[in-house]
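Source file: run18.txt (compact mmCIF, C-alpha atoms)
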```
# COMPACT_ATOMS: atom_id res chain seq x y z
CA MET A 529 -191.10 17.38 60.05
CA MET A 530 -190.07 13.81 59.80
CA ALA A 531 -187.36 12.95 57.36
CA SER A 532 -188.26 10.17 55.03
CA ALA A 533 -185.72 7.42 54.38
CA ILE A 534 -184.27 7.46 50.97
CA LEU A 535 -183.55 4.02 49.60
CA LEU A 536 -180.83 3.73 47.09
CA PRO A 537 -181.36 1.33 44.21
CA ASN A 538 -178.61 -1.17 45.18
CA HIS A 539 -178.84 -0.82 48.96
CA ARG A 540 -180.07 -3.80 51.02
CA VAL A 541 -181.22 -3.68 54.57
CA PRO A 542 -179.39 -6.26 56.77
CA SER A 543 -181.60 -9.23 57.32
CA ARG A 544 -181.91 -10.82 60.76
CA THR A 545 -182.93 -13.99 59.03
CA SER A 546 -179.45 -14.59 57.51
CA ARG A 547 -177.73 -14.09 60.91
CA SER A 548 -180.04 -16.46 62.63
CA ALA A 549 -179.40 -19.04 59.91
CA ARG A 550 -175.68 -18.95 60.61
CA GLN A 551 -176.04 -19.53 64.31
CA PRO A 552 -177.06 -23.23 64.07
CA ARG A 553 -174.09 -23.88 61.82
CA MET A 554 -171.71 -22.30 64.30
CA ARG A 555 -173.26 -24.33 67.09
CA TRP A 556 -172.78 -27.56 65.15
CA THR A 557 -169.18 -26.57 64.45
CA ALA A 558 -168.51 -26.06 68.14
CA ILE A 559 -170.25 -29.32 69.08
CA LEU A 560 -168.34 -31.36 66.51
CA SER A 561 -165.04 -29.77 67.51
CA PHE A 562 -165.74 -30.59 71.15
CA PHE A 563 -166.45 -34.26 70.41
CA VAL A 564 -163.37 -34.58 68.17
CA CYS A 565 -161.19 -33.13 70.95
CA MET A 566 -162.65 -35.56 73.47
CA ILE A 567 -162.09 -38.58 71.20
CA CYS A 568 -158.51 -37.60 70.37
CA HIS A 569 -157.77 -36.92 74.01
CA SER A 570 -159.04 -40.40 74.87
CA LEU A 571 -156.80 -41.94 72.23
CA ALA A 572 -153.82 -40.04 73.58
CA THR A 573 -154.33 -41.37 77.08
CA ILE A 574 -154.75 -45.06 76.19
CA PRO A 575 -151.88 -46.86 77.94
CA ASP A 576 -149.60 -49.14 76.03
CA ALA A 577 -150.61 -52.76 76.23
CA PRO A 578 -148.31 -54.73 78.48
CA GLU A 579 -145.98 -57.06 76.68
CA PRO A 580 -146.64 -60.73 77.37
CA ALA A 581 -144.21 -62.25 79.81
CA GLU A 582 -143.47 -65.91 80.25
CA VAL A 583 -141.88 -67.59 83.22
CA LEU A 584 -138.80 -69.46 82.09
CA GLU A 585 -138.47 -72.77 83.85
CA ILE A 586 -134.87 -73.88 84.15
CA ASP A 587 -134.33 -77.63 84.07
CA PRO A 588 -130.67 -78.63 84.42
CA ARG A 589 -131.43 -82.26 83.60
CA VAL A 590 -130.72 -83.91 80.26
CA PRO A 591 -132.80 -86.57 78.44
CA PHE A 592 -131.05 -89.95 78.46
CA GLN A 593 -132.13 -93.27 77.00
CA GLU A 594 -131.97 -96.19 79.40
CA ASP A 595 -133.52 -99.59 78.74
CA ARG A 596 -135.26 -98.18 75.66
CA LYS A 597 -136.90 -95.44 77.73
CA TRP A 598 -136.13 -91.75 77.96
CA VAL A 599 -135.44 -90.43 81.45
CA MET A 600 -134.39 -86.99 82.70
CA LEU A 601 -131.11 -87.13 84.61
CA PRO A 602 -128.45 -84.66 85.76
CA ARG A 603 -125.46 -84.47 83.47
CA GLU A 604 -123.18 -85.91 86.16
CA ASP A 605 -125.30 -89.07 86.42
CA ILE A 606 -125.30 -89.45 82.65
CA ASP A 607 -121.50 -89.24 82.52
CA LEU A 608 -121.21 -91.90 85.21
CA ARG A 609 -123.66 -94.22 83.46
CA ILE A 610 -121.93 -93.80 80.10
CA LYS A 611 -118.59 -94.48 81.75
CA LYS A 612 -119.94 -97.58 83.49
CA ARG A 613 -121.51 -98.77 80.23
CA ALA A 614 -118.20 -98.29 78.46
CA GLU A 615 -116.39 -100.32 81.12
CA THR A 616 -118.82 -103.23 80.95
CA THR A 617 -119.14 -103.18 77.16
CA PRO A 618 -115.80 -103.35 75.37
CA SER A 619 -115.36 -101.02 72.46
CA VAL A 620 -115.08 -102.92 69.20
CA THR A 621 -113.70 -101.34 66.06
CA THR A 622 -114.30 -103.26 62.87
CA THR A 623 -112.08 -102.61 59.87
CA PHE A 624 -113.28 -103.71 56.48
CA GLU A 625 -110.60 -104.72 54.03
CA ILE A 626 -111.75 -103.91 50.53
CA ALA A 627 -109.50 -105.17 47.79
CA LEU A 628 -109.33 -102.92 44.77
CA GLN A 629 -107.36 -104.66 42.07
CA THR A 630 -105.97 -102.85 39.08
CA VAL A 631 -104.85 -105.38 36.49
CA THR A 632 -102.04 -104.45 34.10
CA GLN A 633 -99.65 -106.46 31.99
CA SER A 634 -96.87 -106.24 34.56
CA SER A 635 -98.42 -106.30 38.09
CA SER A 636 -101.51 -106.15 40.27
CA ARG A 637 -102.10 -103.88 43.27
CA THR A 638 -104.30 -104.31 46.36
CA THR A 639 -105.46 -101.28 48.37
CA SER A 640 -107.07 -101.44 51.82
CA THR A 641 -109.44 -98.66 52.95
CA THR A 642 -111.39 -98.00 56.15
CA PRO A 643 -114.79 -96.34 55.52
CA SER A 644 -115.86 -93.50 57.80
CA SER A 645 -118.45 -94.12 60.49
CA PRO A 646 -122.06 -93.03 59.93
CA LEU A 647 -122.94 -89.68 61.42
CA PRO A 648 -124.82 -89.57 64.73
CA SER A 649 -128.57 -89.08 64.43
CA PRO A 650 -130.81 -86.73 66.44
CA LEU A 651 -133.48 -88.41 68.57
CA ASP A 652 -132.11 -91.81 67.61
CA GLY A 653 -133.51 -93.55 70.68
CA GLY A 654 -136.98 -93.84 69.18
CA LEU A 655 -140.12 -91.96 70.14
CA SER A 656 -141.18 -94.11 73.06
CA ALA A 657 -142.38 -91.18 75.18
CA ASN A 658 -146.03 -90.96 76.14
CA PHE A 659 -147.82 -88.77 73.61
CA THR A 660 -151.29 -87.38 74.21
CA PRO A 661 -154.11 -88.75 72.02
CA THR A 662 -156.39 -86.32 70.24
CA ALA A 663 -159.73 -85.21 71.68
CA ASP A 664 -161.56 -87.89 69.70
CA GLY A 665 -159.23 -90.64 70.92
CA GLN A 666 -157.06 -90.86 67.82
CA ILE A 667 -153.30 -91.41 67.92
CA SER A 668 -151.30 -88.27 68.58
CA PRO A 669 -150.02 -86.62 65.37
CA CYS A 670 -146.81 -85.64 67.16
CA PRO A 671 -144.66 -88.75 66.51
CA ALA A 672 -145.52 -88.70 62.80
CA PHE A 673 -144.57 -85.03 62.59
CA ILE A 674 -141.24 -85.61 64.35
CA ASN A 675 -140.41 -88.52 62.06
CA SER A 676 -141.34 -86.43 59.03
CA PHE A 677 -138.91 -83.60 59.79
CA LEU A 678 -136.15 -86.03 60.80
CA THR A 679 -136.26 -87.46 57.28
CA ASP A 680 -136.68 -84.07 55.59
CA ALA A 681 -133.80 -83.17 53.26
CA ARG A 682 -133.70 -79.61 54.63
CA PHE A 683 -133.29 -80.88 58.19
CA LYS A 684 -130.53 -83.25 57.13
CA GLN A 685 -128.86 -80.39 55.29
CA CYS A 686 -128.81 -78.30 58.48
CA TYR A 687 -127.80 -81.23 60.73
CA PRO A 688 -128.25 -79.07 63.86
CA LEU A 689 -125.77 -79.56 66.67
CA SER A 690 -128.38 -78.34 69.15
CA LEU A 691 -130.54 -81.40 68.47
CA LEU A 692 -127.53 -83.68 68.71
CA LEU A 693 -126.77 -82.36 72.18
CA TYR A 694 -130.34 -83.18 73.17
CA GLY A 695 -131.35 -86.81 73.10
CA SER A 696 -128.84 -88.40 70.72
CA THR A 697 -127.28 -91.56 72.08
CA SER A 698 -125.06 -91.97 69.03
CA PHE A 699 -123.66 -88.46 69.51
CA PHE A 700 -122.76 -89.25 73.13
CA GLN A 701 -120.90 -92.29 71.84
CA ALA A 702 -119.21 -90.23 69.11
CA GLN A 703 -117.68 -87.98 71.77
CA ARG A 704 -115.47 -90.89 72.80
CA SER A 705 -113.68 -90.69 69.45
CA LEU A 706 -112.03 -87.52 68.20
CA VAL A 707 -112.32 -88.69 64.60
CA SER A 708 -116.05 -89.47 64.81
CA LEU A 709 -116.78 -86.26 66.69
CA THR A 710 -114.84 -84.16 64.18
CA GLN A 711 -116.77 -85.74 61.31
CA ALA A 712 -120.07 -84.82 62.98
CA LEU A 713 -118.92 -81.25 63.61
CA ASP A 714 -117.71 -80.91 60.02
CA ALA A 715 -121.19 -81.84 58.83
CA THR A 716 -123.07 -79.49 61.15
CA CYS A 717 -120.70 -76.57 60.51
CA ALA A 718 -121.02 -76.89 56.74
CA ALA A 719 -124.66 -75.79 56.86
CA ASN A 720 -125.99 -72.44 55.65
CA THR A 721 -126.71 -70.77 58.99
CA THR A 722 -129.00 -68.09 57.56
CA PHE A 723 -131.26 -70.63 55.91
CA CYS A 724 -131.10 -73.11 58.79
CA ASN A 725 -131.86 -70.53 61.47
CA THR A 726 -135.01 -69.47 59.62
CA TYR A 727 -135.97 -73.05 58.81
CA LEU A 728 -135.58 -74.31 62.39
CA ASN A 729 -137.46 -71.38 63.90
CA ASP A 730 -140.33 -72.07 61.50
CA LEU A 731 -140.09 -75.75 62.40
CA ALA A 732 -140.32 -74.86 66.09
CA ARG A 733 -143.56 -72.95 65.46
CA ASN A 734 -144.97 -75.89 63.53
CA LEU A 735 -143.89 -78.27 66.28
CA THR A 736 -145.92 -76.42 68.92
CA SER A 737 -149.01 -75.96 66.75
CA THR A 738 -152.18 -77.79 67.76
CA GLU A 739 -152.08 -79.79 64.52
CA HIS A 740 -148.78 -81.40 65.51
CA CYS A 741 -147.30 -81.44 69.04
CA GLY A 742 -148.97 -78.45 70.69
CA GLN A 743 -150.90 -80.50 73.23
CA ASP A 744 -147.82 -82.49 74.23
CA TYR A 745 -145.83 -79.27 74.54
CA LYS A 746 -148.41 -77.85 76.96
CA LEU A 747 -148.22 -81.05 79.00
CA ASP A 748 -144.41 -80.77 79.26
CA ASN A 749 -143.62 -83.80 77.14
CA ALA A 750 -139.84 -84.16 77.50
CA VAL A 751 -139.08 -84.98 73.86
CA VAL A 752 -141.20 -82.11 72.52
CA LYS A 753 -139.93 -79.54 75.02
CA GLN A 754 -136.29 -80.43 74.40
CA ALA A 755 -136.75 -80.48 70.63
CA TYR A 756 -138.37 -77.04 70.72
CA MET A 757 -135.56 -75.58 72.84
CA ALA A 758 -132.95 -77.06 70.51
CA MET A 759 -134.64 -75.59 67.44
CA VAL A 760 -134.94 -72.03 68.73
CA SER A 761 -131.37 -72.18 70.13
CA TYR A 762 -129.81 -73.29 66.85
CA ALA A 763 -127.83 -70.10 66.16
CA PRO A 764 -125.88 -69.69 69.43
CA VAL A 765 -125.17 -73.43 69.64
CA TYR A 766 -123.89 -73.41 66.06
CA GLY A 767 -121.76 -70.34 66.71
CA ALA A 768 -120.10 -71.90 69.74
CA GLY A 769 -119.85 -75.45 68.43
CA CYS A 770 -118.09 -74.46 65.22
CA LEU A 771 -115.33 -72.40 66.86
CA LYS A 772 -111.79 -73.70 66.44
CA ASP A 773 -108.71 -73.38 68.58
CA PRO A 774 -106.49 -70.84 66.76
CA GLN A 775 -103.35 -72.72 67.76
CA THR A 776 -104.35 -76.28 66.85
CA SER A 777 -107.26 -75.72 64.38
CA MET A 778 -109.16 -78.26 66.46
CA TYR A 779 -112.84 -77.69 67.19
CA CYS A 780 -113.18 -76.15 70.63
CA PHE A 781 -116.14 -78.41 71.36
CA ALA A 782 -114.13 -81.51 70.42
CA LYS A 783 -111.25 -80.27 72.56
CA ALA A 784 -113.54 -79.95 75.58
CA ALA A 785 -115.45 -83.20 74.96
CA THR A 786 -112.30 -85.32 74.64
CA ASN A 787 -110.48 -83.71 77.57
CA ARG A 788 -110.25 -86.59 80.06
CA THR A 789 -108.66 -84.48 82.78
CA SER A 790 -111.55 -81.97 82.80
CA PRO A 791 -114.61 -83.67 81.23
CA THR A 792 -117.02 -81.12 82.71
CA GLY A 793 -115.73 -78.44 80.34
CA VAL A 794 -118.28 -79.61 77.78
CA TYR A 795 -121.06 -78.24 80.01
CA LEU A 796 -120.24 -74.81 78.62
CA TYR A 797 -121.88 -75.76 75.32
CA TYR A 798 -125.20 -76.59 76.97
CA LEU A 799 -125.76 -73.04 78.24
CA PRO A 800 -127.85 -71.94 75.19
CA LEU A 801 -130.13 -74.92 75.86
CA ASN A 802 -131.22 -73.39 79.18
CA MET A 803 -128.83 -75.44 81.30
CA THR A 804 -126.62 -74.11 84.04
CA LEU A 805 -122.87 -74.49 84.19
CA ASN A 806 -123.27 -76.30 87.53
CA ASN A 807 -119.84 -77.28 88.81
CA GLY A 808 -118.31 -77.47 85.35
CA VAL A 809 -114.70 -76.34 85.23
CA PRO A 810 -113.84 -75.05 81.76
CA ALA A 811 -110.24 -74.51 80.77
CA CYS A 812 -109.15 -70.88 80.92
CA ASP A 813 -108.11 -70.68 77.28
CA SER A 814 -109.01 -68.84 74.09
CA CYS A 815 -111.76 -71.35 73.30
CA VAL A 816 -113.64 -70.44 76.46
CA GLN A 817 -113.22 -66.73 75.72
CA GLN A 818 -114.45 -67.13 72.14
CA THR A 819 -117.40 -69.23 73.23
CA MET A 820 -118.47 -66.74 75.88
CA ASN A 821 -118.12 -63.93 73.32
CA VAL A 822 -120.57 -65.77 71.06
CA TYR A 823 -122.99 -66.21 73.94
CA GLN A 824 -122.64 -62.60 75.05
CA ALA A 825 -123.56 -61.39 71.56
CA ALA A 826 -126.54 -63.78 71.48
CA THR A 827 -127.96 -62.24 74.66
CA ALA A 828 -129.02 -59.23 72.59
CA ASN A 829 -132.11 -61.32 71.90
CA ARG A 830 -133.62 -61.46 75.37
CA LYS A 831 -135.96 -64.26 74.27
CA GLN A 832 -133.02 -66.64 73.89
CA ALA A 833 -132.41 -68.92 76.87
CA ILE A 834 -128.75 -67.89 76.93
CA ALA A 835 -129.88 -64.43 78.08
CA TYR A 836 -131.05 -66.01 81.35
CA GLN A 837 -127.94 -68.11 81.88
CA TYR A 838 -125.08 -65.93 80.65
CA SER A 839 -124.39 -63.56 83.56
CA THR A 840 -124.22 -66.31 86.18
CA ALA A 841 -121.98 -68.44 83.96
CA ALA A 842 -119.71 -65.49 83.14
CA LYS A 843 -119.22 -64.71 86.82
CA GLN A 844 -118.40 -68.36 87.45
CA VAL A 845 -115.81 -68.34 84.66
CA ASN A 846 -114.25 -65.13 85.97
CA THR A 847 -114.08 -66.60 89.46
CA LEU A 848 -112.01 -69.45 88.05
CA CYS A 849 -110.01 -67.65 85.36
CA GLY A 850 -109.63 -64.22 86.92
CA PRO A 851 -111.55 -60.92 86.86
CA GLY A 852 -112.28 -59.60 83.39
CA PHE A 853 -111.51 -62.88 81.63
CA VAL A 854 -114.95 -62.66 80.00
CA ASN A 855 -117.57 -59.92 79.86
CA GLU A 856 -120.21 -60.43 82.54
CA SER A 857 -122.71 -57.95 81.06
CA LEU A 858 -125.44 -58.75 78.57
CA ALA A 859 -125.26 -57.26 75.09
CA ALA A 860 -127.43 -54.27 74.22
CA GLU A 861 -130.96 -55.50 73.71
CA ILE A 862 -132.30 -55.63 70.18
CA LEU A 863 -135.75 -54.02 70.18
CA THR A 864 -138.38 -55.05 67.67
CA ASN A 865 -139.95 -52.50 65.33
CA ALA A 866 -143.47 -53.57 66.23
CA ALA A 867 -145.46 -50.83 67.95
CA PRO A 868 -147.36 -51.54 71.18
CA LEU A 869 -151.08 -52.05 70.93
CA GLY A 870 -153.28 -48.98 71.45
CA ARG A 871 -150.92 -46.43 69.92
CA ALA A 872 -149.79 -45.77 66.40
CA VAL A 873 -146.16 -46.09 65.35
CA GLY A 874 -144.33 -42.85 66.08
CA ALA A 875 -147.42 -41.14 67.50
CA SER A 876 -146.81 -38.32 69.94
CA ALA A 877 -148.91 -35.93 71.97
CA TRP A 878 -148.80 -33.03 69.50
CA GLN A 879 -150.56 -35.11 66.86
CA TYR A 880 -153.56 -35.51 69.13
CA VAL A 881 -153.70 -31.73 69.63
CA THR A 882 -153.26 -30.58 66.04
CA LEU A 883 -155.70 -33.13 64.63
CA PRO A 884 -158.84 -31.65 66.22
CA LEU A 885 -157.71 -28.11 65.36
CA LEU A 886 -157.36 -29.02 61.70
CA ILE A 887 -160.77 -30.68 61.70
CA ALA A 888 -162.35 -27.71 63.45
CA THR A 889 -160.89 -25.37 60.83
CA ALA A 890 -162.18 -27.48 57.97
CA ILE A 891 -165.72 -27.98 59.28
CA PRO A 892 -166.99 -24.41 58.50
CA TRP A 893 -165.89 -24.84 54.91
CA LEU A 894 -167.75 -28.14 54.69
CA LEU A 895 -170.98 -26.86 56.22
```

Rewrite the structure of this file - the entire thing - as structure tokens.
Amino acid sequence: MMASAILLPNHRVPSRTSRSARQPRMRWTAILSFFVCMICHSLATIPDAPEPAEVLEIDPRVPFQEDRKWVMLPREDIDLRIKKRAETTPSVTTTFEIALQTVTQSSSRTTSTTPSSPLPSPLDGGLSANFTPTADGQISPCPAFINSFLTDARFKQCYPLSLLLYGSTSFFQAQRSLVSLTQALDATCAANTTFCNTYLNDLARNLTSTEHCGQDYKLDNAVVKQAYMAMVSYAPVYGAGCLKDPQTSMYCFAKAATNRTSPTGVYLYYLPLNMTLNNGVPACDSCVQQTMNVYQAATANRKQAIAYQYSTAAKQVNTLCGPGFVNESLAAEILTNAAPLGRAVGASAWQYVTLPLLIATAIPWLL
């Protein structure tokens, strides 16, 4: 006797149809999870983009104006030519007597004063260099741009020593007089370094843009290349040029420039402008130590030219002044906060593992 199945009122027989309906969803979940894992794994293995590297060309020569033309000469040749020019051309100092009369009932008084000399000017030899015309044959926009920033009130406010060291005939002449040189240093050291450093770095970017002097910069135009180097090297040149001798309160730069027994000591101040110390013999005093300390701190920015020149110069100074006179090591490098291309900031391997797991967990709830 066969037993008949008794169906309860609320009892349901399991349906094969509902199970089979779930299977496609589970398959899609597995497929999507697989593809997410593959994509995240690919992202995790993308190598960091290599940082751009530029070859720094070191040119120890200095621009010098001769017969109304700019030529590149070694510093030693420039010193000889300036000395020869000074011997053939007598130095003339003109004193203006200005009578200032104060009239009273009893007497009159006459006072004589000597006005100060005008400050040296950057790039005062004129822009006679060969500039590249535009693609359509028009005059290069570079000279107009240079003249515009030379007359800009912000540039005059900064009065950068770095641009005086490069291509200023009047500044070379001012180094023959302690009074004139001190006046120029007073003006350049009175600037707001924070503002001027930002302003001159922005000016350097504008200088090398295609709208201004970019084409001439690519073609190694001497005036443009030297002006650019002087702009981006403003901070270390300012820091060294405005140091004073603690014993005499005299500017260290003026002390070196007016030292007739060791005139090559001034070469030390050209190091931030990508020039070597050559055979310069600086005095082994506190000024040299302070100057090298400024340069050593500036090497933290490896993009500065001083970072390429410092170690060799420091070893040369220590050879002359004794071991340990200055620090021969570069400062700890300052790293930028910008993340390399191809990887997110702070990303690590565990993020690429947990991400697909979280997505895989969420997919069944979404389907």

**Asked** Quick one: distance from atom CA of A:Glu856 to atom CA of A:Ser839 in Å, one decimal?
**Response** 5.3 Å

**Request:** Within 8 Å of A:Leu651, counting all atoms listed in the file, which residues show up once you throw out same-chain ones fewer than 4 positions away? Write them as a ChimeraX atom specification, please.
**Result:** /A:655,691-692,694-697

Writer output for current selection, C-alpha atoms, as an mmCIF file, in the coordinates of the input:
```cif
data_model
loop_
_atom_site.group_PDB
_atom_site.id
_atom_site.type_symbol
_atom_site.label_atom_id
_atom_site.label_comp_id
_atom_site.auth_asym_id
_atom_site.auth_seq_id
_atom_site.Cartn_x
_atom_site.Cartn_y
_atom_site.Cartn_z
ATOM 1 C CA LEU A 655 -140.120 -91.960 70.140
ATOM 2 C CA LEU A 691 -130.540 -81.400 68.470
ATOM 3 C CA LEU A 692 -127.530 -83.680 68.710
ATOM 4 C CA TYR A 694 -130.340 -83.180 73.170
ATOM 5 C CA GLY A 695 -131.350 -86.810 73.100
ATOM 6 C CA SER A 696 -128.840 -88.400 70.720
ATOM 7 C CA THR A 697 -127.280 -91.560 72.080
#
```

**Request:** Would you please work out which residue, of A:Ser708, A:Asn821, A:Asn749, A:Gln832, is nearest to A:Ala763 when using only C-alpha atoms?
**Result:**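 Answer, going by the shortest atom-to-atom distance: A:Gln832.
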
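Once A:Ala732 and its same-chain neighbours fewer than 4 positions away are set aside, Tyr727, Leu728, Thr736, Ser737, Ala755, Tyr756, Met757, Ala758, Met759 and Val760 of chain A remain within 9 Å of it when counting all atoms listed in the file.
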
**Message:** Just to confirm, what's the straight-line distance from atom CA of A:Phe853 to atom CA of A:Lys831 in Å (one decimal)?
**Reply:**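 Computing it gives 25.6 Å between the two atoms.
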
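Atom pair atom CA of A:Cys770 / atom CA of A:Leu713: separated by 7.0 Å.
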
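The residue set within 12 Å of A:Val845, counting only C-alpha atoms and dropping same-chain residues fewer than 3 places from it, reads Gly793, Leu796, Leu805, Asn806, Asn807, Gly808, Val809, Pro810, Ala811, Cys812, Asp813, Val816, Gln817, Thr819, Met820, Tyr838, Ser839, Thr840, Ala841, Ala842, Leu848, Cys849, Gly850, Pro851, Gly852, Phe853, Val854, Asn855 and Glu856 of chain A.
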
**Asked** For A:Thr726, which of A:Ser761, A:Ser705, A:Gln711, A:Ser649 is the closest residue, counting all atoms listed in the file?
**Response**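 Distance minimum relative to A:Thr726 lands on A:Ser761.
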
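Nearest to A:His740 of all the residues A:Ser698, A:Gln685, A:Asn675, A:Thr786 is A:Asn675, counting all atoms listed in the file.
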
**Asked** Which of these, A:Ala712, A:Val752, A:Ala784, A:Ile862, has the shortest distance to A:Pro648 once you count all atoms listed in the file?
**Response**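 Between A:Ala712, A:Val752, A:Ala784, A:Ile862, the residue approaching A:Pro648 most closely is A:Ala712.
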
**Item:** Counting all atoms listed in the file, the residue of A:Thr789, A:Asn802, A:Gln743, A:Asn846 that sits nearest A:Thr662
**Value:**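 Among the listed residues, the smallest separation from A:Thr662 belongs to A:Gln743.
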